[in-house]
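A short write-up of the structure that comes next.
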Amino acid sequence: MPSSTAVSAPGKVLLAGGFLVLDRQHTGLVFGLSARINVIAQAIKTSQGVQLSEIIVESPQFLDAQWRYGYHLAPENGGIKLTQLQIGTNAINPNHFVEVTLAYALTYITTVSHHQHSHTFDPIRLTILADNDYYSQPHLPASASPAGAAARFAKFPTRLREAHKTGLGSSAALVTSLTAALLTHYLPRSAFDLTTEESKRILHNLAQAAHSAAQGKVGSGFDVAAAVYGSCVYRRFSPSLLRDLPEIGAPGFASALAACVAGDWDTEVRESAAQMPPGVALRMCDVDCGSQTVGMVKQVLKWREETDPSGARELWGKLQAKNELLGAVLSEDRKAEIKETVAKVRELVREMSARSGVPIEPPSQTELLDALAKIEGVYDGVAPGAGGYDALALLVRDDGETEGRIREFLKKWCEEKGVKVRLLDVKGEMEGVRREEIEQYGDWLKSA
């Protein structure tokens, strides 16, 4: 077992296929992003003869962001259950996604390795570092961040739960990178190696199961697929694959989880079908609001299943065709057709927005997108994924002059409208989860 392991997974943007991707009849065009969630696993050294059964997780970019866990083996094959430990006199501050991911990953590890005999793990410290573009929060001056890594990882003057997310898929990237770090750290390379397709399949299935459990078994899983595989055209797995998994600690949870991960999933991930033309970049524009995606999804599904099933089915069929056309236009380097194709996608999305009563492309976002599309070098943009007020996605010429024109426009837009909008540094990226060199994290890491 290595003394330290570093893994990162990318964020995502669902450029086309919002809401449709929930249905296996349809697909989503997903691009990975250069903004990554990094997880560094470090063994905690203990004195000779001293045994420590503790897992420490911390996110040092935020205030009071440390979580300590004890664990035990639940009876009747119930897997690993965690108990959050109090830190000093502070009240316990739960982190649901971290706790569920730990329970799933550690339970899986006990079923496939020597840990199944001892049910104990060497103590570990897990450090989570998020690239800055995941959050709208104003940054402290660079001098307030650890030397050498200041530009990439800002120190935020807030607690994690109070941070404003930009909608780049931080929870899926966190679950994926945390799962990958634990599997890489505790399993021998012969059992798990991130460079192999089989290990990516294991990671995908396990991270999907953990993420689904953490967010209440809603969502299609496209964000986890992008975190594992990078940019792709994605068709979701059948929801029945995860529907009958027992709760953490319930009788049979461990064996059911292992069988689920090893099973033959019907997910489709086509990496070659999601390509960006040479000279075109995918950029994100943050509007510093954020949307409650789960509530929007429930409203759209109610419209589709109860209010107007036949109308919704017809509209989704048209939208699927235009989404597929957009994927082909981009992958086949048909730059002259980008603007017209995106415009047709947006038109149908606005129709779905009007008919469902859900602000998928709200009027304020329409106004901003239309104005941005008039800038030289900007093809067009969308309110990606579930839409709303999360970051906008733009397809632009990949050059400094175009970026300069966008930034200058946004500066004037903010002054005139009294709003906060900024072009994020993040760009579209093809690569999914990967191992990282630990030296790049500098003073953010505590010595074990």
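Going through the structure tokens in order, the chains are called A, B, and so on, while each chain numbers its residues from 1 and the ligands are numbered from 1 in the order shown.
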
Q | alpha helix (DSSP H) call set, DSSP backbone run, range 120-284 of chain A, as a ChimeraX atom specification | A | /A:170-186,197-214,222-229,240-243,253-262

Strand (DSSP E) call set, DSSP backbone run, range 313-413 of chain A, as an MDAnalysis selection string: chainID A and resid 378:382 392:397

For the selection just defined, write its residues with C-alpha atoms to a file, as a PDB file, in the first residue's frame.
ATOM      1  CA  VAL A 378     -18.567  33.412 -30.360  1.00  0.00           C
ATOM      2  CA  TYR A 379     -20.599  30.732 -32.174  1.00  0.00           C
ATOM      3  CA  ASP A 380     -23.384  30.516 -29.582  1.00  0.00           C
ATOM      4  CA  GLY A 381     -24.049  29.162 -26.100  1.00  0.00           C
ATOM      5  CA  VAL A 382     -26.574  27.213 -24.038  1.00  0.00           C
ATOM      6  CA  LEU A 392     -23.647  29.073 -19.204  1.00  0.00           C
ATOM      7  CA  ALA A 393     -21.670  27.084 -21.777  1.00  0.00           C
ATOM      8  CA  LEU A 394     -20.206  28.918 -24.781  1.00  0.00           C
ATOM      9  CA  LEU A 395     -18.687  27.588 -28.002  1.00  0.00           C
ATOM     10  CA  VAL A 396     -16.033  30.085 -29.056  1.00  0.00           C
ATOM     11  CA  ARG A 397     -12.953  30.509 -31.205  1.00  0.00           C
TER      12      ARG A 397
END

Shortest contact to Glu436 in chain A, candidates A:Ala321, A:Ile124, A:Ala180, A:Leu174, atoms counted only C-alpha atoms, goes to A:Ala180

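Closest approach to Ala371 in chain A among A:Thr101, A:Arg159, A:Phe409, A:Val329 is made by A:Phe409 (distances from only C-alpha atoms).
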
Can you build me a table of range 108-209 of chain A residues sitting at most 10 Å from range 243-267 of chain A, with the closest atom pair per residue and its distance in Å to one decimal, using only C-alpha atoms, sorted by chain and residue number, as a Markdown table?
| residue | atom | partner | partner_atom | distance |
| --- | --- | --- | --- | --- |
| A:Tyr108 | CA | A:Ala258 | CA | 6.0 |
| A:Ile109 | CA | A:Ala258 | CA | 9.1 |
| A:Thr110 | CA | A:Ala254 | CA | 8.4 |
| A:Thr111 | CA | A:Ala258 | CA | 6.9 |
| A:Val112 | CA | A:Ala258 | CA | 8.1 |
| A:Arg201 | CA | A:Val261 | CA | 8.5 |
| A:Ile202 | CA | A:Val261 | CA | 6.1 |
| A:Leu203 | CA | A:Val261 | CA | 8.4 |
| A:His204 | CA | A:Val261 | CA | 8.5 |
| A:Asn205 | CA | A:Val261 | CA | 5.2 |
| A:Leu206 | CA | A:Val261 | CA | 5.7 |
| A:Ala207 | CA | A:Val261 | CA | 9.3 |
| A:Gln208 | CA | A:Val261 | CA | 9.3 |
| A:Ala209 | CA | A:Val261 | CA | 8.2 |

Pull N, CA, C and O atoms from the residues just selected and write them as a PDB file, in the first residue's frame.
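Everything below was put into part_2.pdb:
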ATOM      1  N   TYR A 108     -16.899  -2.095  -0.272  1.00  0.00           N
ATOM      2  CA  TYR A 108     -16.457  -2.828  -1.466  1.00  0.00           C
ATOM      3  C   TYR A 108     -15.051  -3.398  -1.264  1.00  0.00           C
ATOM      4  O   TYR A 108     -14.793  -4.561  -1.600  1.00  0.00           O
ATOM      5  N   ILE A 109     -14.175  -2.599  -0.696  1.00  0.00           N
ATOM      6  CA  ILE A 109     -12.792  -3.049  -0.481  1.00  0.00           C
ATOM      7  C   ILE A 109     -12.758  -4.278   0.429  1.00  0.00           C
ATOM      8  O   ILE A 109     -11.991  -5.219   0.198  1.00  0.00           O
ATOM      9  N   THR A 110     -13.605  -4.304   1.453  1.00  0.00           N
ATOM     10  CA  THR A 110     -13.603  -5.458   2.364  1.00  0.00           C
ATOM     11  C   THR A 110     -14.031  -6.741   1.664  1.00  0.00           C
ATOM     12  O   THR A 110     -13.651  -7.833   2.082  1.00  0.00           O
ATOM     13  N   THR A 111     -14.814  -6.622   0.601  1.00  0.00           N
ATOM     14  CA  THR A 111     -15.314  -7.832  -0.069  1.00  0.00           C
ATOM     15  C   THR A 111     -14.338  -8.395  -1.092  1.00  0.00           C
ATOM     16  O   THR A 111     -14.485  -9.545  -1.510  1.00  0.00           O
ATOM     17  N   VAL A 112     -13.347  -7.594  -1.518  1.00  0.00           N
ATOM     18  CA  VAL A 112     -12.473  -8.054  -2.613  1.00  0.00           C
ATOM     19  C   VAL A 112     -11.001  -8.132  -2.219  1.00  0.00           C
ATOM     20  O   VAL A 112     -10.151  -8.345  -3.070  1.00  0.00           O
ATOM     21  N   ARG A 201     -14.171   0.548 -15.260  1.00  0.00           N
ATOM     22  CA  ARG A 201     -15.528   0.004 -15.185  1.00  0.00           C
ATOM     23  C   ARG A 201     -15.950  -0.201 -13.736  1.00  0.00           C
ATOM     24  O   ARG A 201     -17.066   0.158 -13.333  1.00  0.00           O
ATOM     25  N   ILE A 202     -15.047  -0.766 -12.921  1.00  0.00           N
ATOM     26  CA  ILE A 202     -15.324  -0.957 -11.490  1.00  0.00           C
ATOM     27  C   ILE A 202     -15.583   0.389 -10.820  1.00  0.00           C
ATOM     28  O   ILE A 202     -16.547   0.562 -10.068  1.00  0.00           O
ATOM     29  N   LEU A 203     -14.701   1.354 -11.103  1.00  0.00           N
ATOM     30  CA  LEU A 203     -14.846   2.687 -10.508  1.00  0.00           C
ATOM     31  C   LEU A 203     -16.169   3.319 -10.929  1.00  0.00           C
ATOM     32  O   LEU A 203     -16.888   3.886 -10.094  1.00  0.00           O
ATOM     33  N   HIS A 204     -16.490   3.241 -12.206  1.00  0.00           N
ATOM     34  CA  HIS A 204     -17.735   3.829 -12.700  1.00  0.00           C
ATOM     35  C   HIS A 204     -18.936   3.247 -11.967  1.00  0.00           C
ATOM     36  O   HIS A 204     -19.789   3.984 -11.450  1.00  0.00           O
ATOM     37  N   ASN A 205     -19.005   1.933 -11.885  1.00  0.00           N
ATOM     38  CA  ASN A 205     -20.178   1.295 -11.273  1.00  0.00           C
ATOM     39  C   ASN A 205     -20.277   1.608  -9.782  1.00  0.00           C
ATOM     40  O   ASN A 205     -21.363   1.895  -9.263  1.00  0.00           O
ATOM     41  N   LEU A 206     -19.139   1.572  -9.085  1.00  0.00           N
ATOM     42  CA  LEU A 206     -19.144   1.843  -7.650  1.00  0.00           C
ATOM     43  C   LEU A 206     -19.461   3.306  -7.367  1.00  0.00           C
ATOM     44  O   LEU A 206     -20.256   3.624  -6.460  1.00  0.00           O
ATOM     45  N   ALA A 207     -18.858   4.220  -8.131  1.00  0.00           N
ATOM     46  CA  ALA A 207     -19.123   5.652  -7.927  1.00  0.00           C
ATOM     47  C   ALA A 207     -20.568   5.994  -8.286  1.00  0.00           C
ATOM     48  O   ALA A 207     -21.203   6.822  -7.616  1.00  0.00           O
ATOM     49  N   GLN A 208     -21.110   5.372  -9.342  1.00  0.00           N
ATOM     50  CA  GLN A 208     -22.523   5.604  -9.674  1.00  0.00           C
ATOM     51  C   GLN A 208     -23.422   5.171  -8.521  1.00  0.00           C
ATOM     52  O   GLN A 208     -24.372   5.883  -8.159  1.00  0.00           O
ATOM     53  N   ALA A 209     -23.132   3.999  -7.944  1.00  0.00           N
ATOM     54  CA  ALA A 209     -23.960   3.490  -6.841  1.00  0.00           C
ATOM     55  C   ALA A 209     -23.890   4.422  -5.634  1.00  0.00           C
ATOM     56  O   ALA A 209     -24.920   4.750  -5.026  1.00  0.00           O
TER      57      ALA A 209
END

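In terms of minimum interatomic distance to Ser136 in chain A, A:Leu424 ranks closest within A:Ala65, A:Cys414, A:Val39, A:Leu424, counting only C-alpha atoms.
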
Which residues come within 6 Å of Leu33 in chain A, counting only C-alpha atoms, excluding same-chain residues fewer than 5 positions away, as a PyMOL selection string? chain A and resi 10-12+427-429

Range 233-240 of chain A: which residues within 7 Å, counting only C-alpha atoms, same-chain residues fewer than 5 positions away excluded, as a short mmCIF file (atom, residue, chain, number, x, y, z; two decimals) with N, CA and C atoms, in the first residue's frame?
data_model
loop_
_atom_site.label_atom_id
_atom_site.label_comp_id
_atom_site.auth_asym_id
_atom_site.auth_seq_id
_atom_site.Cartn_x
_atom_site.Cartn_y
_atom_site.Cartn_z
N VAL A 21 -31.62 13.02 -20.90
CA VAL A 21 -30.65 12.00 -20.50
C VAL A 21 -31.17 11.12 -19.35
N LEU A 22 -32.24 11.55 -18.70
CA LEU A 22 -32.85 10.74 -17.64
C LEU A 22 -33.54 9.50 -18.20
N ARG A 24 -33.64 6.33 -20.91
CA ARG A 24 -32.72 5.49 -21.69
C ARG A 24 -32.98 5.55 -23.20
N HIS A 26 -32.98 8.19 -24.80
CA HIS A 26 -32.27 9.36 -25.29
C HIS A 26 -30.83 9.36 -24.76
N THR A 27 -30.03 10.28 -25.29
CA THR A 27 -28.62 10.39 -24.89
C THR A 27 -28.28 11.82 -24.50
N GLY A 28 -27.12 11.98 -23.90
CA GLY A 28 -26.61 13.30 -23.56
C GLY A 28 -25.23 13.49 -24.14
N LEU A 29 -24.95 14.70 -24.64
CA LEU A 29 -23.62 15.07 -25.14
C LEU A 29 -22.88 15.78 -24.00
N VAL A 30 -21.93 15.07 -23.40
CA VAL A 30 -21.28 15.53 -22.17
C VAL A 30 -19.80 15.84 -22.45
N SER A 220 -29.34 10.83 -13.76
CA SER A 220 -29.04 9.84 -14.79
C SER A 220 -27.66 9.23 -14.65
N GLY A 221 -26.76 9.92 -13.95
CA GLY A 221 -25.39 9.43 -13.82
C GLY A 221 -24.44 9.96 -14.87
N PHE A 222 -24.88 10.88 -15.74
CA PHE A 222 -23.99 11.39 -16.78
C PHE A 222 -22.78 12.11 -16.19
N TRP A 265 -23.62 -3.91 -16.64
CA TRP A 265 -24.46 -2.71 -16.73
C TRP A 265 -24.77 -2.40 -18.19
N ASP A 266 -25.93 -1.77 -18.42
CA ASP A 266 -26.31 -1.43 -19.79
C ASP A 266 -26.03 0.05 -20.13
N THR A 267 -25.13 0.65 -19.41
CA THR A 267 -24.70 2.02 -19.72
C THR A 267 -24.01 2.04 -21.08
N GLU A 268 -24.18 3.13 -21.81
CA GLU A 268 -23.41 3.34 -23.03
C GLU A 268 -22.57 4.61 -22.87
N VAL A 269 -21.26 4.48 -23.07
CA VAL A 269 -20.35 5.63 -23.00
C VAL A 269 -19.52 5.61 -24.28
N ARG A 270 -19.79 6.57 -25.18
CA ARG A 270 -19.06 6.64 -26.45
C ARG A 270 -18.16 7.86 -26.44
N GLU A 271 -16.91 7.63 -26.10
CA GLU A 271 -15.96 8.74 -25.98
C GLU A 271 -15.63 9.37 -27.33
N ALA A 273 -17.49 9.91 -29.78
CA ALA A 273 -18.60 10.67 -30.36
C ALA A 273 -18.71 12.08 -29.78
N ALA A 274 -17.86 12.43 -28.84
CA ALA A 274 -17.87 13.77 -28.24
C ALA A 274 -16.51 14.41 -28.47
#

query: Residues at most 10 Å from Leu182 in chain A, counting only C-alpha atoms, excluding those fewer than 5 positions away in the same chain, as an MDAnalysis selection string?
result: chainID A and resid 5:7 39:41 101:102 105:106 109 124 126 177 187

Suppose we keep all heavy atoms; can you now write the selection as a tab-separated table (two decimals), in the first residue's frame?
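Contents of part_28.tsv, freshly written:
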chain	number	residue	atom	x	y	z
A	5	THR	N	-1.34	8.79	-2.12
A	5	THR	CA	-1.95	8.58	-3.43
A	5	THR	C	-2.71	9.84	-3.79
A	5	THR	O	-3.44	10.38	-2.96
A	5	THR	CB	-2.95	7.40	-3.39
A	5	THR	OG1	-2.30	6.23	-2.91
A	5	THR	CG2	-3.55	7.14	-4.76
A	6	ALA	N	-2.56	10.32	-5.02
A	6	ALA	CA	-3.30	11.50	-5.48
A	6	ALA	C	-4.06	11.16	-6.75
A	6	ALA	O	-3.52	10.55	-7.68
A	6	ALA	CB	-2.36	12.66	-5.73
A	7	VAL	N	-5.34	11.54	-6.77
A	7	VAL	CA	-6.23	11.26	-7.90
A	7	VAL	C	-7.05	12.51	-8.17
A	7	VAL	O	-7.38	13.25	-7.24
A	7	VAL	CB	-7.17	10.07	-7.58
A	7	VAL	CG1	-8.21	9.89	-8.67
A	7	VAL	CG2	-6.38	8.78	-7.39
A	39	VAL	N	-8.20	14.52	-4.82
A	39	VAL	CA	-8.21	13.87	-3.51
A	39	VAL	C	-6.84	13.23	-3.28
A	39	VAL	O	-6.37	12.46	-4.12
A	39	VAL	CB	-9.32	12.81	-3.39
A	39	VAL	CG1	-9.20	12.06	-2.06
A	39	VAL	CG2	-10.70	13.46	-3.51
A	40	ILE	N	-6.23	13.59	-2.18
A	40	ILE	CA	-4.91	13.06	-1.82
A	40	ILE	C	-5.06	12.20	-0.58
A	40	ILE	O	-5.53	12.69	0.46
A	40	ILE	CB	-3.88	14.18	-1.58
A	40	ILE	CG1	-3.80	15.10	-2.79
A	40	ILE	CG2	-2.51	13.59	-1.28
A	40	ILE	CD1	-4.69	16.32	-2.76
A	41	ALA	N	-4.72	10.94	-0.69
A	41	ALA	CA	-4.79	10.01	0.44
A	41	ALA	C	-3.39	9.83	1.03
A	41	ALA	O	-2.45	9.51	0.31
A	41	ALA	CB	-5.33	8.66	-0.01
A	101	THR	N	-19.92	7.94	0.43
A	101	THR	CA	-18.85	7.44	-0.45
A	101	THR	C	-17.86	6.58	0.32
A	101	THR	O	-17.44	5.51	-0.16
A	101	THR	CB	-18.13	8.61	-1.13
A	101	THR	OG1	-19.08	9.40	-1.86
A	101	THR	CG2	-17.06	8.12	-2.09
A	102	LEU	N	-17.48	7.02	1.51
A	102	LEU	CA	-16.58	6.22	2.33
A	102	LEU	C	-17.19	4.86	2.64
A	102	LEU	O	-16.51	3.82	2.54
A	102	LEU	CB	-16.26	6.96	3.63
A	102	LEU	CG	-15.33	8.17	3.55
A	102	LEU	CD1	-15.26	8.87	4.91
A	102	LEU	CD2	-13.93	7.78	3.09
A	105	ALA	N	-17.21	2.69	-0.61
A	105	ALA	CA	-15.87	2.28	-1.05
A	105	ALA	C	-15.24	1.29	-0.08
A	105	ALA	O	-14.68	0.26	-0.48
A	105	ALA	CB	-14.98	3.51	-1.23
A	106	LEU	N	-15.32	1.58	1.22
A	106	LEU	CA	-14.70	0.69	2.21
A	106	LEU	C	-15.41	-0.66	2.27
A	106	LEU	O	-14.78	-1.71	2.44
A	106	LEU	CB	-14.68	1.36	3.58
A	106	LEU	CG	-13.83	2.64	3.68
A	106	LEU	CD1	-13.96	3.25	5.07
A	106	LEU	CD2	-12.36	2.36	3.35
A	109	ILE	N	-14.18	-2.60	-0.70
A	109	ILE	CA	-12.79	-3.05	-0.48
A	109	ILE	C	-12.76	-4.28	0.43
A	109	ILE	O	-11.99	-5.22	0.20
A	109	ILE	CB	-11.94	-1.90	0.09
A	109	ILE	CG1	-11.73	-0.82	-0.99
A	109	ILE	CG2	-10.59	-2.40	0.60
A	109	ILE	CD1	-11.21	0.50	-0.45
A	124	ILE	N	-5.95	6.85	7.74
A	124	ILE	CA	-5.71	7.61	6.51
A	124	ILE	C	-6.24	9.03	6.65
A	124	ILE	O	-7.24	9.27	7.33
A	124	ILE	CB	-6.40	6.88	5.32
A	124	ILE	CG1	-6.01	7.48	3.98
A	124	ILE	CG2	-7.91	6.91	5.47
A	124	ILE	CD1	-6.57	6.71	2.79
A	126	LEU	N	-7.52	12.07	4.14
A	126	LEU	CA	-7.95	12.36	2.79
A	126	LEU	C	-8.14	13.87	2.64
A	126	LEU	O	-8.98	14.45	3.33
A	126	LEU	CB	-9.24	11.63	2.46
A	126	LEU	CG	-9.14	10.09	2.48
A	126	LEU	CD1	-10.49	9.47	2.81
A	126	LEU	CD2	-8.64	9.58	1.13
A	177	SER	N	-13.49	10.91	-7.49
A	177	SER	CA	-12.07	11.01	-7.10
A	177	SER	C	-11.83	10.41	-5.72
A	177	SER	O	-10.80	9.78	-5.48
A	177	SER	CB	-11.60	12.46	-7.15
A	177	SER	OG	-12.43	13.31	-6.40
A	187	LEU	N	-6.14	-1.08	-2.28
A	187	LEU	CA	-6.08	-2.32	-3.05
A	187	LEU	C	-4.74	-2.46	-3.77
A	187	LEU	O	-4.16	-1.45	-4.20
A	187	LEU	CB	-7.22	-2.35	-4.09
A	187	LEU	CG	-8.64	-2.47	-3.54
A	187	LEU	CD1	-9.64	-2.43	-4.69
A	187	LEU	CD2	-8.82	-3.75	-2.73

(message) Residues within 9 Å of range 307-318 of chain A, please, as a PyMOL selection string. Count only C-alpha atoms; anything in the same chain fewer than 2 positions from it doesn't count.
(response) chain A and resi 20+26+302-305+320-323+348+351-352+355-356

Restricted to C-alpha atoms, what would the selected residues look like written as a PDB file, in the first residue's frame?
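Result file is selection25.pdb:
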ATOM      1  CA  LEU A  20     -33.672  13.817 -21.920  1.00  0.00           C
ATOM      2  CA  HIS A  26     -32.266   9.360 -25.291  1.00  0.00           C
ATOM      3  CA  LYS A 302     -44.253  15.643 -13.788  1.00  0.00           C
ATOM      4  CA  TRP A 303     -45.021  17.554 -17.002  1.00  0.00           C
ATOM      5  CA  ARG A 304     -43.691  14.687 -19.130  1.00  0.00           C
ATOM      6  CA  GLU A 305     -45.414  11.858 -17.255  1.00  0.00           C
ATOM      7  CA  GLN A 320     -32.915  14.309 -29.430  1.00  0.00           C
ATOM      8  CA  ALA A 321     -32.502  14.637 -33.207  1.00  0.00           C
ATOM      9  CA  LYS A 322     -31.107  18.172 -32.916  1.00  0.00           C
ATOM     10  CA  ASN A 323     -28.798  17.130 -30.057  1.00  0.00           C
ATOM     11  CA  LEU A 348     -36.683  23.595 -28.590  1.00  0.00           C
ATOM     12  CA  GLU A 351     -40.364  25.470 -25.883  1.00  0.00           C
ATOM     13  CA  MET A 352     -39.879  22.759 -23.236  1.00  0.00           C
ATOM     14  CA  ARG A 355     -44.657  24.052 -21.705  1.00  0.00           C
ATOM     15  CA  SER A 356     -43.326  22.580 -18.453  1.00  0.00           C
TER      16      SER A 356
END
